[in-house]
file structure.pdb (PDB, C-alpha atoms and all ligand atoms)
ATOM      1  CA  MET T  77     -13.283  22.847-114.054  1.00  0.00           C
ATOM      2  CA  LEU T  78     -15.360  24.356-111.252  1.00  0.00           C
ATOM      3  CA  GLY T  79     -18.980  25.261-110.553  1.00  0.00           C
ATOM      4  CA  ALA T  80     -21.793  24.740-113.020  1.00  0.00           C
ATOM      5  CA  ALA T  81     -19.218  23.989-115.744  1.00  0.00           C
ATOM      6  CA  ILE T  82     -18.632  20.590-114.124  1.00  0.00           C
ATOM      7  CA  HIS T  83     -21.719  19.963-111.984  1.00  0.00           C
ATOM      8  CA  LEU T  84     -24.531  21.649-113.887  1.00  0.00           C
ATOM      9  CA  MET T  85     -27.893  20.655-112.431  1.00  0.00           C
ATOM     10  CA  PRO T  86     -31.553  21.667-112.678  1.00  0.00           C
ATOM     11  CA  PRO T  87     -32.441  24.524-110.273  1.00  0.00           C
ATOM     12  CA  TYR T  88     -35.148  22.628-108.345  1.00  0.00           C
ATOM     13  CA  ALA T  89     -33.215  22.137-105.125  1.00  0.00           C
ATOM     14  CA  GLY T  90     -31.791  25.685-104.980  1.00  0.00           C
ATOM     15  CA  GLU T  91     -28.324  24.248-104.394  1.00  0.00           C
ATOM     16  CA  GLY T  92     -26.273  25.093-107.523  1.00  0.00           C
ATOM     17  CA  VAL T  93     -24.377  28.024-106.013  1.00  0.00           C
ATOM     18  CA  ASN T  94     -24.067  26.160-102.719  1.00  0.00           C
ATOM     19  CA  MET T  95     -22.291  23.403-104.677  1.00  0.00           C
ATOM     20  CA  ALA T  96     -20.176  25.876-106.684  1.00  0.00           C
ATOM     21  CA  MET T  97     -18.932  28.107-103.856  1.00  0.00           C
ATOM     22  CA  PRO T  98     -16.879  25.489-101.959  1.00  0.00           C
ATOM     23  CA  ASP T  99     -15.136  24.366-105.168  1.00  0.00           C
ATOM     24  CA  ALA T 100     -12.413  27.041-105.172  1.00  0.00           C
ATOM     25  CA  PRO T 101     -11.398  26.817-101.462  1.00  0.00           C
ATOM     26  CA  GLU T 102     -11.481  23.001-101.606  1.00  0.00           C
ATOM     27  CA  LEU T 103      -9.352  22.938-104.774  1.00  0.00           C
ATOM     28  CA  SER T 104      -6.830  25.312-103.194  1.00  0.00           C
ATOM     29  CA  GLN T 105      -6.632  23.028-100.130  1.00  0.00           C
ATOM     30  CA  TYR T 106      -5.921  19.979-102.309  1.00  0.00           C
ATOM     31  CA  LEU T 107      -3.259  21.923-104.231  1.00  0.00           C
ATOM     32  CA  LEU T 108      -1.541  23.263-101.122  1.00  0.00           C
ATOM     33  CA  ASN T 109      -1.905  20.577 -98.411  1.00  0.00           C
ATOM     34  CA  GLY T 110       1.230  18.688 -99.485  1.00  0.00           C
ATOM     35  CA  ASN T 111      -0.574  15.320 -99.542  1.00  0.00           C
ATOM     36  CA  HIS T 112      -0.280  14.812-103.319  1.00  0.00           C
ATOM     37  CA  PRO T 113       2.866  14.157-105.359  1.00  0.00           C
ATOM     38  CA  ASP T 114       1.953  16.657-108.099  1.00  0.00           C
ATOM     39  CA  THR T 115      -0.705  19.048-109.377  1.00  0.00           C
ATOM     40  CA  LEU T 116      -2.409  16.430-111.567  1.00  0.00           C
ATOM     41  CA  ASN T 117      -2.906  14.063-108.604  1.00  0.00           C
ATOM     42  CA  ALA T 118      -4.132  16.915-106.381  1.00  0.00           C
ATOM     43  CA  VAL T 119      -6.712  17.945-108.995  1.00  0.00           C
ATOM     44  CA  LYS T 120      -7.809  14.315-109.473  1.00  0.00           C
ATOM     45  CA  ALA T 121      -8.293  13.887-105.704  1.00  0.00           C
ATOM     46  CA  PHE T 122     -10.253  17.164-105.539  1.00  0.00           C
ATOM     47  CA  GLU T 123     -12.479  16.101-108.441  1.00  0.00           C
ATOM     48  CA  THR T 124     -13.244  12.707-106.904  1.00  0.00           C
ATOM     49  CA  GLN T 125     -14.633  14.150-103.663  1.00  0.00           C
ATOM     50  CA  MET T 126     -16.254  17.174-105.382  1.00  0.00           C
ATOM     51  CA  LEU T 127     -18.189  14.975-107.823  1.00  0.00           C
ATOM     52  CA  LYS T 128     -19.323  12.747-104.945  1.00  0.00           C
ATOM     53  CA  ARG T 129     -20.586  15.803-103.020  1.00  0.00           C
ATOM     54  CA  ALA T 130     -22.328  17.357-106.048  1.00  0.00           C
ATOM     55  CA  SER T 131     -23.800  14.036-107.251  1.00  0.00           C
ATOM     56  CA  ALA T 132     -25.783  13.590-104.047  1.00  0.00           C
ATOM     57  CA  THR T 133     -27.345  17.044-104.534  1.00  0.00           C
ATOM     58  CA  ALA T 134     -27.859  16.490-108.274  1.00  0.00           C
ATOM     59  CA  GLU T 135     -29.911  13.402-107.414  1.00  0.00           C
ATOM     60  CA  GLU T 136     -32.114  15.563-105.181  1.00  0.00           C
ATOM     61  CA  THR T 137     -32.625  18.147-107.968  1.00  0.00           C
ATOM     62  CA  LEU T 138     -33.563  15.394-110.442  1.00  0.00           C
ATOM     63  CA  LYS T 139     -36.090  13.980-107.975  1.00  0.00           C
ATOM     64  CA  ASN T 140     -37.567  17.475-107.436  1.00  0.00           C
ATOM     65  CA  THR T 141     -37.610  18.133-111.207  1.00  0.00           C
ATOM     66  CA  GLU T 142     -39.778  15.052-111.700  1.00  0.00           C
ATOM     67  CA  LEU T 143     -42.062  15.860-108.747  1.00  0.00           C
ATOM     68  CA  LEU T 144     -42.516  19.534-109.717  1.00  0.00           C
ATOM     69  CA  HIS T 145     -43.630  18.520-113.216  1.00  0.00           C
ATOM     70  CA  SER T 146     -46.003  15.808-112.020  1.00  0.00           C
ATOM     71  CA  ALA T 147     -49.761  15.866-111.395  1.00  0.00           C
ATOM     72  CA  GLY T 148     -49.071  16.121-107.641  1.00  0.00           C
ATOM     73  CA  ALA T 149     -46.765  19.152-107.974  1.00  0.00           C
ATOM     74  CA  VAL T 150     -48.914  21.602-105.967  1.00  0.00           C
ATOM     75  CA  LYS T 151     -49.352  19.148-103.088  1.00  0.00           C
ATOM     76  CA  PHE T 152     -45.597  18.476-103.137  1.00  0.00           C
ATOM     77  CA  MET T 153     -44.835  22.240-102.967  1.00  0.00           C
ATOM     78  CA  VAL T 154     -47.292  22.814-100.111  1.00  0.00           C
ATOM     79  CA  ASN T 155     -45.810  19.884 -98.156  1.00  0.00           C
ATOM     80  CA  MET T 156     -42.288  21.149 -98.837  1.00  0.00           C
ATOM     81  CA  MET T 157     -43.148  24.661 -97.547  1.00  0.00           C
ATOM     82  CA  GLN T 158     -44.603  23.034 -94.425  1.00  0.00           C
ATOM     83  CA  GLY T 159     -41.400  21.034 -93.941  1.00  0.00           C
ATOM     84  CA  LYS T 160     -43.110  17.695 -94.618  1.00  0.00           C
ATOM     85  CA  GLU T 161     -40.987  16.749 -97.684  1.00  0.00           C
TER      86      GLU T 161
HETATM   87  C1  LIG S 201     -33.655  29.637-112.466  1.00  0.00           C
HETATM   88  C2  LIG S 201     -32.471  29.290-111.593  1.00  0.00           C
HETATM   89  C3  LIG S 201     -32.581  29.383-110.215  1.00  0.00           C
HETATM   90  C4  LIG S 201     -31.506  29.041-109.395  1.00  0.00           C
HETATM   91  N1  LIG S 201     -31.660  29.142-108.043  1.00  0.00           N
HETATM   92  C5  LIG S 201     -30.637  28.811-107.230  1.00  0.00           C
HETATM   93  C6  LIG S 201     -30.783  28.933-105.807  1.00  0.00           C
HETATM   94  O1  LIG S 201     -31.821  29.314-105.276  1.00  0.00           O
HETATM   95  N2  LIG S 201     -29.735  28.558-105.050  1.00  0.00           N
HETATM   96  C7  LIG S 201     -28.555  28.125-105.575  1.00  0.00           C
HETATM   97  O2  LIG S 201     -27.615  27.805-104.815  1.00  0.00           O
HETATM   98  N3  LIG S 201     -28.378  28.032-106.930  1.00  0.00           N
HETATM   99  C8  LIG S 201     -29.392  28.365-107.766  1.00  0.00           C
HETATM  100  N4  LIG S 201     -29.224  28.282-109.134  1.00  0.00           N
HETATM  101  C9  LIG S 201     -27.964  27.772-109.689  1.00  0.00           C
HETATM  102  C10 LIG S 201     -26.890  28.846-109.809  1.00  0.00           C
HETATM  103  O3  LIG S 201     -27.366  29.942-110.559  1.00  0.00           O
HETATM  104  C11 LIG S 201     -25.651  28.230-110.492  1.00  0.00           C
HETATM  105  O4  LIG S 201     -25.289  27.036-109.831  1.00  0.00           O
HETATM  106  C12 LIG S 201     -24.470  29.191-110.423  1.00  0.00           C
HETATM  107  O5  LIG S 201     -24.778  30.387-111.099  1.00  0.00           O
HETATM  108  C13 LIG S 201     -23.235  28.553-111.034  1.00  0.00           C
HETATM  109  O6  LIG S 201     -22.174  29.482-110.930  1.00  0.00           O
HETATM  110  P1  LIG S 201     -20.944  29.389-111.866  1.00  0.00           P
HETATM  111  O7  LIG S 201     -20.083  30.564-111.525  1.00  0.00           O
HETATM  112  O8  LIG S 201     -20.338  28.032-111.785  1.00  0.00           O
HETATM  113  O9  LIG S 201     -21.509  29.519-113.350  1.00  0.00           O
HETATM  114  P2  LIG S 201     -22.325  30.781-114.051  1.00  0.00           P
HETATM  115  O10 LIG S 201     -23.075  31.577-113.005  1.00  0.00           O
HETATM  116  O11 LIG S 201     -23.057  30.149-115.173  1.00  0.00           O
HETATM  117  O12 LIG S 201     -21.140  31.695-114.561  1.00  0.00           O
HETATM  118  C14 LIG S 201     -20.408  31.376-115.714  1.00  0.00           C
HETATM  119  C15 LIG S 201     -20.016  32.710-116.345  1.00  0.00           C
HETATM  120  O13 LIG S 201     -19.097  32.462-117.422  1.00  0.00           O
HETATM  121  C16 LIG S 201     -19.466  33.283-118.509  1.00  0.00           C
HETATM  122  N5  LIG S 201     -18.924  32.640-119.721  1.00  0.00           N
HETATM  123  C17 LIG S 201     -19.394  31.566-120.394  1.00  0.00           C
HETATM  124  N6  LIG S 201     -18.633  31.278-121.454  1.00  0.00           N
HETATM  125  C18 LIG S 201     -17.630  32.181-121.455  1.00  0.00           C
HETATM  126  C19 LIG S 201     -16.511  32.418-122.301  1.00  0.00           C
HETATM  127  N7  LIG S 201     -16.231  31.657-123.358  1.00  0.00           N
HETATM  128  N8  LIG S 201     -15.700  33.462-122.010  1.00  0.00           N
HETATM  129  C20 LIG S 201     -15.942  34.256-120.923  1.00  0.00           C
HETATM  130  N9  LIG S 201     -16.997  34.081-120.079  1.00  0.00           N
HETATM  131  C21 LIG S 201     -17.812  33.065-120.357  1.00  0.00           C
HETATM  132  C22 LIG S 201     -20.989  33.353-118.459  1.00  0.00           C
HETATM  133  O14 LIG S 201     -21.461  34.497-119.162  1.00  0.00           O
HETATM  134  C23 LIG S 201     -21.218  33.474-116.966  1.00  0.00           C
HETATM  135  O15 LIG S 201     -21.183  34.799-116.500  1.00  0.00           O
HETATM  136  C24 LIG S 201     -30.290  28.613-109.979  1.00  0.00           C
HETATM  137  C25 LIG S 201     -30.179  28.527-111.373  1.00  0.00           C
HETATM  138  C26 LIG S 201     -31.249  28.862-112.173  1.00  0.00           C
HETATM  139  C27 LIG S 201     -31.088  28.772-113.691  1.00  0.00           C
END
call {"tool": "encode", "arguments": {"input": "structure.pdb", "output": "structure tokens"}}
result
Amino acid sequence: MLGAAIHLMPPYAGEGVNMAMPDAPELSQYLLNGNHPDTLNAVKAFETQMLKRASATAEETLKNTELLHSAGAVKFMVNMMQGKE
């Protein structure tokens, strides 16, 4: 699986597409680089690094989801726009 089908996340970091777009070229590299004995192992290796990459961003979206629904949401947004968050 690729994209939001495997790393669905809330939209509060604006990173969903940025996580989805590299999936296809990265998967093709794993399938074609000759470093894996078969397709199953290539896909497993791709998934391991892809989930690590997307998990770090998913954590950010979860943090922003909480902050943007908190009492301090407006202050958080203003700080973010000013590059202080
Ligand atoms: C409000 C909001 C704001 C966002 N803002 C940003 C942003 O600023 N920056 C950013 O990077 N990301 C943002 N995202 C996330 C981004 O939209 C998703 O990460 C991205 O669309 C995922 O792409 P995808 O191709 O994996 O899945 P999708 O775009 O969900 O595409 C899946 C497609 O498959 C189709 N489909 C489903 N089931 C079937 C079926 N059985 N048969 C045939 N077709 C089917 C669907 O109709 C859909 O067209 C936002 C998301 C939301 C909801």
call {"tool": "resolve_selection", "arguments": {"input": "structure.pdb", "expression": "the PyMOL selection byres (((chain T and resi 130) around 12) and not hetatm)", "output": "PyMOL selection string"}}
result
chain T and resi 78-80+82-85+89+91-99+123-129+131-137
call {"tool": "atom_distance", "arguments": {"input": "structure.pdb", "atom1": "atom CA of T:Met157", "atom2": "atom CA of T:Glu142"}}
result
17.4 Å
call {"tool": "closest_residue", "arguments": {"input": "structure.pdb", "among": "T:Gly159, T:Gly148, T:Pro101, T:Pro87", "to": "ligand LIG 201 (chain S)", "atoms": "all atoms listed in the file"}}
result
T:Pro87
call {"tool": "residues_around", "arguments": {"input": "structure.pdb", "residues": "T:Leu144", "least_positions_apart": "2", "cutoff": "12 Å", "atoms": "all atoms listed in the file", "output": "PyMOL selection string"}}
result
chain T and resi 86-89+137-142+146-154+156
call {"tool": "write_last_selection", "arguments": {"input": "structure.pdb", "atoms": "C-alpha atoms", "output": "mmCIF file, in the frame of the given file"}}
result
data_model
loop_
_atom_site.group_PDB
_atom_site.id
_atom_site.type_symbol
_atom_site.label_atom_id
_atom_site.label_comp_id
_atom_site.auth_asym_id
_atom_site.auth_seq_id
_atom_site.Cartn_x
_atom_site.Cartn_y
_atom_site.Cartn_z
ATOM 1 C CA PRO T 86 -31.553 21.667 -112.678
ATOM 2 C CA PRO T 87 -32.441 24.524 -110.273
ATOM 3 C CA TYR T 88 -35.148 22.628 -108.345
ATOM 4 C CA ALA T 89 -33.215 22.137 -105.125
ATOM 5 C CA THR T 137 -32.625 18.147 -107.968
ATOM 6 C CA LEU T 138 -33.563 15.394 -110.442
ATOM 7 C CA LYS T 139 -36.090 13.980 -107.975
ATOM 8 C CA ASN T 140 -37.567 17.475 -107.436
ATOM 9 C CA THR T 141 -37.610 18.133 -111.207
ATOM 10 C CA GLU T 142 -39.778 15.052 -111.700
ATOM 11 C CA SER T 146 -46.003 15.808 -112.020
ATOM 12 C CA ALA T 147 -49.761 15.866 -111.395
ATOM 13 C CA GLY T 148 -49.071 16.121 -107.641
ATOM 14 C CA ALA T 149 -46.765 19.152 -107.974
ATOM 15 C CA VAL T 150 -48.914 21.602 -105.967
ATOM 16 C CA LYS T 151 -49.352 19.148 -103.088
ATOM 17 C CA PHE T 152 -45.597 18.476 -103.137
ATOM 18 C CA MET T 153 -44.835 22.240 -102.967
ATOM 19 C CA VAL T 154 -47.292 22.814 -100.111
ATOM 20 C CA MET T 156 -42.288 21.149 -98.837
#
call {"tool": "closest_residue", "arguments": {"input": "structure.pdb", "among": "T:Leu116, T:Ala121, T:Ala100, T:Ala81", "to": "ligand LIG 201 (chain S)", "atoms": "only C-alpha atoms and all ligand atoms"}}
result
T:Ala81
call {"tool": "atom_distance", "arguments": {"input": "structure.pdb", "atom1": "atom O6 of ligand LIG 201 (chain S)", "atom2": "atom CA of T:Met77"}}
result
11.5 Å
call {"tool": "atom_distance", "arguments": {"input": "structure.pdb", "atom1": "atom C3 of ligand LIG 201 (chain S)", "atom2": "atom CA of T:Gln158"}}
result
20.8 Å
call {"tool": "axis_aligned_box", "arguments": {"input": "structure.pdb", "around": "ligand LIG 201 (chain S)", "padding_each_side": "6 Å", "output": "lines of an AutoDock Vina configuration file"}}
result
center_x = -24.7
center_y = 30.9
center_z = -114.1
size_x = 30.0
size_y = 19.8
size_z = 30.5
call {"tool": "decode", "arguments": {"input": "structure.pdb", "residues": "chain T", "atoms": "C-alpha atoms", "output": "PDB file, in the first residue's frame"}}
result
ATOM      1  CA  MET T  77       0.000   0.000   0.000  1.00  0.00           C
ATOM      2  CA  LEU T  78       1.045   3.598  -0.639  1.00  0.00           C
ATOM      3  CA  GLY T  79       0.013   7.098   0.410  1.00  0.00           C
ATOM      4  CA  ALA T  80      -2.847   7.830   2.766  1.00  0.00           C
ATOM      5  CA  ALA T  81      -3.957   4.181   2.499  1.00  0.00           C
ATOM      6  CA  ILE T  82      -1.016   3.221   4.724  1.00  0.00           C
ATOM      7  CA  HIS T  83      -0.027   6.437   6.508  1.00  0.00           C
ATOM      8  CA  LEU T  84      -3.296   8.310   6.935  1.00  0.00           C
ATOM      9  CA  MET T  85      -2.834  11.251   9.289  1.00  0.00           C
ATOM     10  CA  PRO T  86      -4.725  14.349  10.435  1.00  0.00           C
ATOM     11  CA  PRO T  87      -4.143  17.352   8.116  1.00  0.00           C
ATOM     12  CA  TYR T  88      -2.692  19.674  10.789  1.00  0.00           C
ATOM     13  CA  ALA T  89       0.906  19.607   9.607  1.00  0.00           C
ATOM     14  CA  GLY T  90       0.101  19.959   5.884  1.00  0.00           C
ATOM     15  CA  GLU T  91       2.382  17.015   5.133  1.00  0.00           C
ATOM     16  CA  GLY T  92       0.106  14.188   3.890  1.00  0.00           C
ATOM     17  CA  VAL T  93       0.870  14.621   0.190  1.00  0.00           C
ATOM     18  CA  ASN T  94       4.516  15.310   0.996  1.00  0.00           C
ATOM     19  CA  MET T  95       4.583  11.883   2.682  1.00  0.00           C
ATOM     20  CA  ALA T  96       2.627  10.202  -0.141  1.00  0.00           C
ATOM     21  CA  MET T  97       4.560  11.528  -3.146  1.00  0.00           C
ATOM     22  CA  PRO T  98       7.933   9.876  -2.395  1.00  0.00           C
ATOM     23  CA  ASP T  99       6.272   6.482  -1.828  1.00  0.00           C
ATOM     24  CA  ALA T 100       6.144   5.417  -5.492  1.00  0.00           C
ATOM     25  CA  PRO T 101       9.730   6.407  -6.492  1.00  0.00           C
ATOM     26  CA  GLU T 102      11.111   4.916  -3.259  1.00  0.00           C
ATOM     27  CA  LEU T 103       9.194   1.656  -3.783  1.00  0.00           C
ATOM     28  CA  SER T 104      10.458   1.423  -7.366  1.00  0.00           C
ATOM     29  CA  GLN T 105      14.039   1.920  -6.112  1.00  0.00           C
ATOM     30  CA  TYR T 106      13.665  -0.908  -3.581  1.00  0.00           C
ATOM     31  CA  LEU T 107      12.184  -3.174  -6.270  1.00  0.00           C
ATOM     32  CA  LEU T 108      14.878  -2.420  -8.836  1.00  0.00           C
ATOM     33  CA  ASN T 109      18.126  -1.822  -6.888  1.00  0.00           C
ATOM     34  CA  GLY T 110      19.066  -5.518  -6.798  1.00  0.00           C
ATOM     35  CA  ASN T 111      19.742  -5.462  -3.037  1.00  0.00           C
ATOM     36  CA  HIS T 112      16.848  -7.782  -2.112  1.00  0.00           C
ATOM     37  CA  PRO T 113      16.478 -11.491  -2.882  1.00  0.00           C
ATOM     38  CA  ASP T 114      12.836 -11.190  -3.992  1.00  0.00           C
ATOM     39  CA  THR T 115       9.868  -8.848  -4.341  1.00  0.00           C
ATOM     40  CA  LEU T 116       8.470  -9.648  -0.884  1.00  0.00           C
ATOM     41  CA  ASN T 117      11.757  -8.697   0.826  1.00  0.00           C
ATOM     42  CA  ALA T 118      12.068  -5.525  -1.278  1.00  0.00           C
ATOM     43  CA  VAL T 119       8.542  -4.443  -0.305  1.00  0.00           C
ATOM     44  CA  LYS T 120       9.212  -5.247   3.371  1.00  0.00           C
ATOM     45  CA  ALA T 121      12.408  -3.147   3.325  1.00  0.00           C
ATOM     46  CA  PHE T 122      10.549  -0.276   1.618  1.00  0.00           C
ATOM     47  CA  GLU T 123       7.742  -0.427   4.188  1.00  0.00           C
ATOM     48  CA  THR T 124      10.140  -0.383   7.140  1.00  0.00           C
ATOM     49  CA  GLN T 125      11.823   2.878   6.114  1.00  0.00           C
ATOM     50  CA  MET T 126       8.588   4.443   4.767  1.00  0.00           C
ATOM     51  CA  LEU T 127       6.728   3.858   8.044  1.00  0.00           C
ATOM     52  CA  LYS T 128       9.666   5.313   9.990  1.00  0.00           C
ATOM     53  CA  ARG T 129       9.630   8.443   7.790  1.00  0.00           C
ATOM     54  CA  ALA T 130       5.835   8.873   7.955  1.00  0.00           C
ATOM     55  CA  SER T 131       5.636   8.116  11.701  1.00  0.00           C
ATOM     56  CA  ALA T 132       7.839  11.083  12.563  1.00  0.00           C
ATOM     57  CA  THR T 133       5.495  13.387  10.612  1.00  0.00           C
ATOM     58  CA  ALA T 134       2.371  11.692  11.999  1.00  0.00           C
ATOM     59  CA  GLU T 135       3.623  12.509  15.499  1.00  0.00           C
ATOM     60  CA  GLU T 136       3.880  16.172  14.485  1.00  0.00           C
ATOM     61  CA  THR T 137       0.305  16.172  13.101  1.00  0.00           C
ATOM     62  CA  LEU T 138      -1.013  14.586  16.313  1.00  0.00           C
ATOM     63  CA  LYS T 139       0.764  17.227  18.397  1.00  0.00           C
ATOM     64  CA  ASN T 140      -0.696  19.997  16.188  1.00  0.00           C
ATOM     65  CA  THR T 141      -4.170  18.394  16.323  1.00  0.00           C
ATOM     66  CA  GLU T 142      -4.106  18.624  20.116  1.00  0.00           C
ATOM     67  CA  LEU T 143      -2.724  22.184  20.141  1.00  0.00           C
ATOM     68  CA  LEU T 144      -5.179  23.476  17.505  1.00  0.00           C
ATOM     69  CA  HIS T 145      -8.124  22.186  19.548  1.00  0.00           C
ATOM     70  CA  SER T 146      -6.849  23.566  22.848  1.00  0.00           C
ATOM     71  CA  ALA T 147      -7.651  26.806  24.685  1.00  0.00           C
ATOM     72  CA  GLY T 148      -4.333  28.257  23.452  1.00  0.00           C
ATOM     73  CA  ALA T 149      -5.029  27.486  19.772  1.00  0.00           C
ATOM     74  CA  VAL T 150      -5.061  31.106  18.530  1.00  0.00           C
ATOM     75  CA  LYS T 151      -1.790  31.935  20.295  1.00  0.00           C
ATOM     76  CA  PHE T 152      -0.253  28.748  18.868  1.00  0.00           C
ATOM     77  CA  MET T 153      -1.354  29.708  15.312  1.00  0.00           C
ATOM     78  CA  VAL T 154      -0.022  33.262  15.641  1.00  0.00           C
ATOM     79  CA  ASN T 155       3.326  31.960  16.943  1.00  0.00           C
ATOM     80  CA  MET T 156       3.469  29.388  14.143  1.00  0.00           C
ATOM     81  CA  MET T 157       2.853  32.066  11.463  1.00  0.00           C
ATOM     82  CA  GLN T 158       5.644  34.124  13.038  1.00  0.00           C
ATOM     83  CA  GLY T 159       7.972  31.115  12.912  1.00  0.00           C
ATOM     84  CA  LYS T 160       8.143  30.798  16.708  1.00  0.00           C
ATOM     85  CA  GLU T 161       6.665  27.252  16.901  1.00  0.00           C
TER      86      GLU T 161
END
